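A.B. asks: The structure's right below; bear with me while I get my questions together.
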Amino acid sequence: MANDLHLSDEPMTGMLDTDSPSSGDSPAMEGAGDSFLPDLPVLAHAAEWSLDQVPPDTLTTILPSSEDSDLSPDAQGPDQPNQQLSSTELGSVEKAVEQFQLSSAQLLQEEQPPLPPQPREEAQPPSVEYTTESMESPQQSQEPEAAGQDDAQGESEAPHMVEDGMELEDASKETVQEEVAVPEEPQLPSEFEKLYKGCEENPEDFNAWVYLLQYVEQENHLEAVQKAFDVFFLRYPYCYGYWKKYADIEKKHGNIQVAEEVYRRGLQAIPLSVDLWLHYLTFIKENADPTDPETEGRIRAAYEHAVLAAGTDFRSDRLWEAYANWETEQQKLANVTAIYDRIMGIPTQLYSQHFQRFKDHVQSQNPKHFLSEEEFVRLRVELSKANMAATVGDDEEETPVVEEDLPPGTEDLQDPAKRVTEIENMRHKVIEARQEVFNHNEHEVSKRWAFEEGIKRPYFHVKALEKTQLNNWKEYLDFEMENGTPERVVVLFERCLIACALYEEFWTKYAKYLEGYSIEGVRHVYKKACTIHLPRKPAIHLLWAAFEEQQGNVEEARGILKALEEAVPSLAMVLLRRVSLERRHGNLEEAEALLTEAMASAKNVSETSFYAVKLARQLLKVQRSLSKARKVLLDAIEKDQTSPKLYLNLLELEYSGDVQQNQADILACFDRALNSPLALESRLLFSQRKVEFLEDFGSDINVLVTAYEEHQKLQKESEPTKRKAENGSQEPDSKRQRVDDSSSGNMTPDMQANNSAYNWYQQQYGNWGQNSWGQYNQYAQYNQYYPPPPT
């Protein structure tokens, strides 16, 4: 078996790279993200590495030492290898924690053992497109409700592990390969093309994907199956049951190696899936060669990868028990003890059951069989000393004599009575030593039990979660961040983001937490969220772009914003973030070009006016070009003569100069607004401000009196409208307009997103330009100071 424990250096988009000799270089695997899991065992190859390369424990070698750590030092199995854990051999979560720099990354790099030798090149099975990502499964039921999909069949297909089936990779055996030969361009059923096109046009329609996958499964058309499943997993990698279905279909067609690759990709996508790990372990045991002396080591390595990746999950008990049972079948009782030592230090749902089974294991076996030789000898010496101290007192001279009388290693004592007594006392000491670990673990479980009971849907589904579920996750995460170890926090976040993958607040919370540990960890979270689960959510994309800009990756930030704008066009917040990025980095021409293009492509005059104001401000305040800014606003007013904001910003622009010298332009701006088809309410406001301007800065009393008289006329004109509104017979136009806007039919999600983004900016900048003149309520009774001239 070639167990290539290496991680790809290729950039990815949240998908895991399988661009390796065993992957078929499938184009569907292209993407950008960090691969967490090491490569898992491959069945058909000879082993190139030994069990000594399998890490004995989870993160005790990585995380800083802590009294609260659940992985007690006693949990280190005596029969387990003691070689330092390589970063390339970590499970998913452990690799994540290493990336997050929860301990000295440099130290880990210095201690990494060399990678095992690469396997010899072999002919590959027919190329298929591969994707990655997915998650755990309760017993693969056909309910889409249970896991966001039709779960895989509960009954696995009988293994087709015949000799010729394993020879599919041998290119020389053409007679065997004929039955699995794939035409260069297979003709897919027309019904498939119809269903597939529907999914392409609306990839967010999960039901359409369910119908497509049901169809290809029923038709049993391998090429259609591969195409449908591979594209489905690009968007919904957490639907763990479909990984099992996909693997079963490949196995049914005799493609054992491809089926294993499907499992591997699924586990890399969703490494916390206990059910998927158990299915995979069953698969490799069913298809392993019992005559191969390396088979046991390969299976043990797979179990190790499983507990490293998912063993710290609160509901990982079945995985640990399966591991212990398998080691018991192999008669490796010391390994069983080591497994229980590890699980008894991890808070899990069946923690007390594990301790009880451990005690049964100890009571039913001879200590020399279930203990390592080192621990056995140590306990024998301790018991001998205690026995001598009880009989002849604590005499230091007697102790060496006792030690010399003991048989070497694990040989039995000569005296049968002493032998029985030693066995019973040793069993008692073994259980007593683990009792303290169990008590501490029980306390940790009790602190988390209420939170775990509140998790009703731990799997992924496109349906919305109840508020109580969301609040439970939030409170659980807050508790763990305050009281738990970094490893436990990371595992809980990974669990949470399976059930809450479509809620950007949890991705954001995860990224913020990791900022204190690792830049690469934060980048990975944003990348996975934005490229896979939330490709059309603007808020988290903006956060990702801001993060990359903070790290100095301006091109990366620019690319993120541009990709989002292509995916969700016409979002004002995205375009303005692109403009601000270019401005911050001195690309003023590019910023101006973006706003100009936005004005040209606007869907209505309101959007054009909105961007015109932004462009005018950019030209005036940043580029110091008053003439260009004035031209932009005047051109916009020609197209939209009913926008008060355009006139207000034009006034702001004219006010920015010397008001004495610029008086004519300012008055012209007032007159332009007063002579426009603006609403009466808006014209009244401009008239009032014109009077104020002339009062403060005017040089001709005749112009002031004329402006006042015009203002009085507008006031009289507005009085009937006010009286009608007060009597309830008519609402002001502005109020009616707001009601009309809020009740404007059904909008598509994209229209709603764009409208909300536009309204957000209207709230932020809608009153811009008004504050320059302060409040003018003091002039409402202007005639108190300037009575009309006598008639």
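By order in the structure tokens, chains are A, B, ...; within a chain, residues start at 1; ligands start at 1, following the order shown.
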Do a neighbour search on Pro458 of chain A at 8 Å with only C-alpha atoms, toss out local chain neighbours closer than 4 positions, and write the hits as a list in words.
C.D. replies: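 Neighbouring residues, sequence-local ones excluded: Arg495, Cys496, Ile498 and Ala499 of chain A.
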A.B. asks: With C-alpha atoms retained, write the just-selected residues as a compact mmCIF listing (two decimals), in the first residue's frame.
C.D. replies:
```
# COMPACT_ATOMS: atom_id res chain seq x y z
CA ARG A 495 -18.59 20.81 14.20
CA CYS A 496 -20.66 23.99 14.33
CA ILE A 498 -21.19 21.64 9.49
CA ALA A 499 -24.65 22.32 10.90
```
A.B. asks: If DSSP is run on the backbone, what residues of segment 471-576 of chain A are alpha helix (DSSP H)? A reply as a VMD selection string would be ideal.
C.D. replies: chain A and resid 471 to 483 486 to 499 504 to 514 519 to 528 538 to 550 554 to 567 572 to 576
A.B. asks: Can you list, as a ChimeraX atom specification, every protein, DNA or RNA residue that comes within 7 Å of Leu704 of chain A when you count only C-alpha atoms, leaving out same-chain residues fewer than 3 positions away?
C.D. replies: /A:691,694-695,700-701,707-708
A.B. asks: Put those residues in a file: N, CA and C atoms, as a PDB file, in the first residue's frame.
C.D. replies:
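As written to disk, selection30.pdb reads:
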```pdb
ATOM      1  N   VAL A 691     -32.547  82.212   1.109  1.00  0.00           N
ATOM      2  CA  VAL A 691     -32.732  83.394   1.949  1.00  0.00           C
ATOM      3  C   VAL A 691     -31.633  83.477   2.999  1.00  0.00           C
ATOM      4  N   LEU A 694     -28.296  84.586   1.410  1.00  0.00           N
ATOM      5  CA  LEU A 694     -28.254  86.010   1.110  1.00  0.00           C
ATOM      6  C   LEU A 694     -28.163  86.851   2.380  1.00  0.00           C
ATOM      7  N   GLU A 695     -28.814  86.348   3.433  1.00  0.00           N
ATOM      8  CA  GLU A 695     -28.721  87.051   4.710  1.00  0.00           C
ATOM      9  C   GLU A 695     -27.293  87.033   5.246  1.00  0.00           C
ATOM     10  N   ASP A 700     -26.538  92.553  -1.933  1.00  0.00           N
ATOM     11  CA  ASP A 700     -27.586  93.380  -2.514  1.00  0.00           C
ATOM     12  C   ASP A 700     -28.889  93.113  -1.779  1.00  0.00           C
ATOM     13  N   ILE A 701     -29.443  94.149  -1.090  1.00  0.00           N
ATOM     14  CA  ILE A 701     -30.666  93.993  -0.327  1.00  0.00           C
ATOM     15  C   ILE A 701     -31.851  93.684  -1.215  1.00  0.00           C
ATOM     16  N   ALA A 707     -35.855  87.294  -2.880  1.00  0.00           N
ATOM     17  CA  ALA A 707     -35.795  85.885  -2.470  1.00  0.00           C
ATOM     18  C   ALA A 707     -36.794  85.608  -1.362  1.00  0.00           C
ATOM     19  N   TYR A 708     -36.947  86.583  -0.447  1.00  0.00           N
ATOM     20  CA  TYR A 708     -37.895  86.395   0.646  1.00  0.00           C
ATOM     21  C   TYR A 708     -39.326  86.316   0.123  1.00  0.00           C
TER      22      TYR A 708
END
```
A.B. asks: In Å, how far is it from atom CA of Trp209 of chain A to atom CA of Thr468 of chain A?
C.D. replies: 28.8 Å
A.B. asks: Would you pick out the contacts of segment 351-366 of chain A at 9 Å or less, using only C-alpha atoms, so that residues sharing its chain but fewer than 3 positions from it are not included, and give the list as a list in words?
C.D. replies: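 What passes the distance filter is Asp317, Glu321, Leu333, Val336, Thr337, Tyr340, Asp341, Ile343, Met344, Gly345, Ile346, Pro347, Thr348, His369, Phe370, Leu371, Ile423, Glu424, Arg427, His428, Val430, Ile431, Arg434, Gln435, Phe438, Asn441, Glu442 and Val445 of chain A.
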A.B. asks: Grab the residues selected above and save them as an mmCIF file, in the first residue's frame with C-alpha atoms.
C.D. replies:
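Result went into out-v9.cif, see below:
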```cif
data_model
loop_
_atom_site.group_PDB
_atom_site.id
_atom_site.type_symbol
_atom_site.label_atom_id
_atom_site.label_comp_id
_atom_site.auth_asym_id
_atom_site.auth_seq_id
_atom_site.Cartn_x
_atom_site.Cartn_y
_atom_site.Cartn_z
ATOM 1 C CA ASP A 317 -17.624 6.903 20.901
ATOM 2 C CA GLU A 321 -15.046 1.314 20.389
ATOM 3 C CA LEU A 333 -4.323 -6.239 24.352
ATOM 4 C CA VAL A 336 -6.444 -1.885 23.635
ATOM 5 C CA THR A 337 -5.255 -0.491 26.949
ATOM 6 C CA TYR A 340 -8.801 3.309 26.483
ATOM 7 C CA ASP A 341 -6.112 5.482 28.068
ATOM 8 C CA ILE A 343 -10.438 8.008 25.173
ATOM 9 C CA MET A 344 -10.758 8.290 28.955
ATOM 10 C CA GLY A 345 -9.105 11.706 28.732
ATOM 11 C CA ILE A 346 -11.539 13.043 26.115
ATOM 12 C CA PRO A 347 -15.046 14.274 27.030
ATOM 13 C CA THR A 348 -17.463 12.123 25.032
ATOM 14 C CA HIS A 369 -0.763 -9.198 28.402
ATOM 15 C CA PHE A 370 -2.591 -5.859 28.567
ATOM 16 C CA LEU A 371 0.283 -3.750 29.950
ATOM 17 C CA ILE A 423 -2.145 -10.081 39.516
ATOM 18 C CA GLU A 424 -5.041 -8.869 41.669
ATOM 19 C CA ARG A 427 -5.236 -4.868 38.367
ATOM 20 C CA HIS A 428 -6.300 -2.715 41.300
ATOM 21 C CA VAL A 430 -4.070 -0.029 37.066
ATOM 22 C CA ILE A 431 -7.708 0.912 37.626
ATOM 23 C CA ARG A 434 -7.005 5.760 35.737
ATOM 24 C CA GLN A 435 -9.712 6.693 38.225
ATOM 25 C CA PHE A 438 -11.886 9.497 34.698
ATOM 26 C CA ASN A 441 -13.096 13.828 32.474
ATOM 27 C CA GLU A 442 -16.491 13.336 34.100
ATOM 28 C CA VAL A 445 -18.406 16.228 30.411
#
```
A.B. asks: Choose the residue, out of A:Val491, A:Ala224, A:Leu534, A:Leu633, that has the smallest atom-to-atom separation from Glu505 of chain A; count only C-alpha atoms.
C.D. replies: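 So, comparing all the options, the nearest one is A:Leu534.
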A.B. asks: Out of A:Gln688, A:Ser676, A:Thr485, A:Asn202, which residue has the shortest atom-to-atom distance to Ser643 of chain A when counting only C-alpha atoms?
C.D. replies: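 Between A:Gln688, A:Ser676, A:Thr485, A:Asn202, the residue approaching Ser643 of chain A most closely is A:Ser676.
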A.B. asks: Report, in Å to a single decimal, how far apart atom CA of Tyr503 of chain A and atom CA of Glu555 of chain A are.
C.D. replies: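 If I compute the distance from atom CA of Glu555 of chain A to atom CA of Tyr503 of chain A, I get 27.2 Å.
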A.B. asks: In Å, with one decimal, what is the gap from atom CA of Ser316 of chain A to atom CA of Leu278 of chain A?
C.D. replies: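 Computed distance, atom CA of Ser316 of chain A to atom CA of Leu278 of chain A, equals 10.5 Å.
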A.B. asks: Skip Ala545 of chain A itself and residues of its chain fewer than 5 positions away, then list as a PDB file with N, CA and C atoms, in the first residue's frame all residues within 9 Å of it, counting only C-alpha atoms.
C.D. replies:
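Result went into part07.pdb, see below:
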```pdb
ATOM      1  N   ILE A 540     -19.259  38.573   4.159  1.00  0.00           N
ATOM      2  CA  ILE A 540     -18.055  37.807   4.500  1.00  0.00           C
ATOM      3  C   ILE A 540     -16.989  37.961   3.428  1.00  0.00           C
ATOM      4  N   GLN A 550      -5.184  43.923   4.755  1.00  0.00           N
ATOM      5  CA  GLN A 550      -4.412  44.143   5.982  1.00  0.00           C
ATOM      6  C   GLN A 550      -3.087  43.399   5.949  1.00  0.00           C
ATOM      7  N   ASN A 553      -1.772  41.851   0.882  1.00  0.00           N
ATOM      8  CA  ASN A 553      -2.082  41.139  -0.359  1.00  0.00           C
ATOM      9  C   ASN A 553      -3.138  41.912  -1.147  1.00  0.00           C
ATOM     10  N   VAL A 554      -2.727  43.044  -1.701  1.00  0.00           N
ATOM     11  CA  VAL A 554      -3.676  43.922  -2.382  1.00  0.00           C
ATOM     12  C   VAL A 554      -4.266  43.247  -3.612  1.00  0.00           C
ATOM     13  N   GLU A 556      -4.741  40.082  -4.088  1.00  0.00           N
ATOM     14  CA  GLU A 556      -5.696  39.071  -3.638  1.00  0.00           C
ATOM     15  C   GLU A 556      -7.016  39.734  -3.239  1.00  0.00           C
ATOM     16  N   ALA A 557      -6.929  40.837  -2.501  1.00  0.00           N
ATOM     17  CA  ALA A 557      -8.141  41.563  -2.109  1.00  0.00           C
ATOM     18  C   ALA A 557      -8.891  42.067  -3.337  1.00  0.00           C
ATOM     19  N   ARG A 558      -8.145  42.574  -4.298  1.00  0.00           N
ATOM     20  CA  ARG A 558      -8.754  43.075  -5.532  1.00  0.00           C
ATOM     21  C   ARG A 558      -9.477  41.943  -6.270  1.00  0.00           C
ATOM     22  N   GLY A 559      -8.837  40.775  -6.312  1.00  0.00           N
ATOM     23  CA  GLY A 559      -9.447  39.630  -6.981  1.00  0.00           C
ATOM     24  C   GLY A 559     -10.702  39.146  -6.282  1.00  0.00           C
ATOM     25  N   ILE A 560     -10.706  39.171  -4.942  1.00  0.00           N
ATOM     26  CA  ILE A 560     -11.883  38.734  -4.178  1.00  0.00           C
ATOM     27  C   ILE A 560     -13.077  39.623  -4.490  1.00  0.00           C
ATOM     28  N   LEU A 561     -12.840  40.934  -4.467  1.00  0.00           N
ATOM     29  CA  LEU A 561     -13.942  41.867  -4.721  1.00  0.00           C
ATOM     30  C   LEU A 561     -14.438  41.767  -6.165  1.00  0.00           C
TER      31      LEU A 561
END
```
A.B. asks: With a distance cut-off of 12 Å and only C-alpha atoms, select the neighbouring residues of Asp665 of chain A, excluding the residue or stretch itself and same-chain residues fewer than 4 positions from it, and output the selection as an MDAnalysis selection string.
C.D. replies: chainID A and resid 630 650:661 669:672
A.B. asks: Would you mind exporting N, CA and C atoms of the selected residues as a PDB file, in the first residue's frame?
C.D. replies:
```pdb
ATOM      1  N   ARG A 630     -17.915  69.513 -10.803  1.00  0.00           N
ATOM      2  CA  ARG A 630     -19.097  70.297 -11.171  1.00  0.00           C
ATOM      3  C   ARG A 630     -19.738  69.724 -12.438  1.00  0.00           C
ATOM      4  N   LEU A 650     -24.255  69.776  -5.353  1.00  0.00           N
ATOM      5  CA  LEU A 650     -23.757  70.871  -6.176  1.00  0.00           C
ATOM      6  C   LEU A 650     -23.565  72.136  -5.327  1.00  0.00           C
ATOM      7  N   LEU A 651     -24.514  72.395  -4.419  1.00  0.00           N
ATOM      8  CA  LEU A 651     -24.371  73.517  -3.496  1.00  0.00           C
ATOM      9  C   LEU A 651     -23.145  73.352  -2.606  1.00  0.00           C
ATOM     10  N   GLU A 652     -22.956  72.147  -2.097  1.00  0.00           N
ATOM     11  CA  GLU A 652     -21.777  71.872  -1.257  1.00  0.00           C
ATOM     12  C   GLU A 652     -20.508  72.162  -2.043  1.00  0.00           C
ATOM     13  N   LEU A 653     -20.501  71.763  -3.286  1.00  0.00           N
ATOM     14  CA  LEU A 653     -19.329  71.996  -4.123  1.00  0.00           C
ATOM     15  C   LEU A 653     -19.077  73.493  -4.296  1.00  0.00           C
ATOM     16  N   GLU A 654     -20.141  74.254  -4.582  1.00  0.00           N
ATOM     17  CA  GLU A 654     -19.973  75.688  -4.779  1.00  0.00           C
ATOM     18  C   GLU A 654     -19.597  76.381  -3.464  1.00  0.00           C
ATOM     19  N   TYR A 655     -20.122  75.907  -2.367  1.00  0.00           N
ATOM     20  CA  TYR A 655     -19.793  76.475  -1.063  1.00  0.00           C
ATOM     21  C   TYR A 655     -18.331  76.244  -0.697  1.00  0.00           C
ATOM     22  N   SER A 656     -17.698  75.222  -1.297  1.00  0.00           N
ATOM     23  CA  SER A 656     -16.326  74.891  -0.915  1.00  0.00           C
ATOM     24  C   SER A 656     -15.325  75.976  -1.307  1.00  0.00           C
ATOM     25  N   GLY A 657     -15.719  76.849  -2.213  1.00  0.00           N
ATOM     26  CA  GLY A 657     -14.830  77.938  -2.611  1.00  0.00           C
ATOM     27  C   GLY A 657     -15.075  79.201  -1.801  1.00  0.00           C
ATOM     28  N   ASP A 658     -14.620  80.315  -2.294  1.00  0.00           N
ATOM     29  CA  ASP A 658     -14.834  81.619  -1.657  1.00  0.00           C
ATOM     30  C   ASP A 658     -16.257  82.069  -1.985  1.00  0.00           C
ATOM     31  N   VAL A 659     -17.114  82.129  -0.974  1.00  0.00           N
ATOM     32  CA  VAL A 659     -18.525  82.415  -1.224  1.00  0.00           C
ATOM     33  C   VAL A 659     -18.733  83.831  -1.738  1.00  0.00           C
ATOM     34  N   GLN A 660     -17.843  84.760  -1.406  1.00  0.00           N
ATOM     35  CA  GLN A 660     -17.985  86.119  -1.908  1.00  0.00           C
ATOM     36  C   GLN A 660     -17.736  86.166  -3.416  1.00  0.00           C
ATOM     37  N   GLN A 661     -16.657  85.517  -3.829  1.00  0.00           N
ATOM     38  CA  GLN A 661     -16.331  85.504  -5.255  1.00  0.00           C
ATOM     39  C   GLN A 661     -17.222  84.548  -6.034  1.00  0.00           C
ATOM     40  N   CYS A 669     -27.114  78.006  -8.680  1.00  0.00           N
ATOM     41  CA  CYS A 669     -27.441  76.648  -8.220  1.00  0.00           C
ATOM     42  C   CYS A 669     -28.783  76.639  -7.493  1.00  0.00           C
ATOM     43  N   PHE A 670     -29.019  77.675  -6.622  1.00  0.00           N
ATOM     44  CA  PHE A 670     -30.308  77.770  -5.950  1.00  0.00           C
ATOM     45  C   PHE A 670     -31.436  77.922  -6.965  1.00  0.00           C
ATOM     46  N   ASP A 671     -31.238  78.785  -7.938  1.00  0.00           N
ATOM     47  CA  ASP A 671     -32.280  79.016  -8.937  1.00  0.00           C
ATOM     48  C   ASP A 671     -32.554  77.755  -9.758  1.00  0.00           C
ATOM     49  N   ARG A 672     -31.486  77.001 -10.057  1.00  0.00           N
ATOM     50  CA  ARG A 672     -31.666  75.759 -10.820  1.00  0.00           C
ATOM     51  C   ARG A 672     -32.565  74.787 -10.052  1.00  0.00           C
TER      52      ARG A 672
END
```
A.B. asks: When distances are computed from only C-alpha atoms, which of A:Glu582, A:Glu219, A:Glu710, A:Glu565 shows the smallest separation from Phe686 of chain A?
C.D. replies: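 Closest to Phe686 of chain A, using only C-alpha atoms: A:Glu710.
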A.B. asks: So, with only C-alpha atoms as the atoms that count, which of A:Lys227, A:Arg235, A:Arg298, A:Arg419 lies closest to Ile532 of chain A?
C.D. replies: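 Among the listed residues, A:Arg235 lies closest to Ile532 of chain A.
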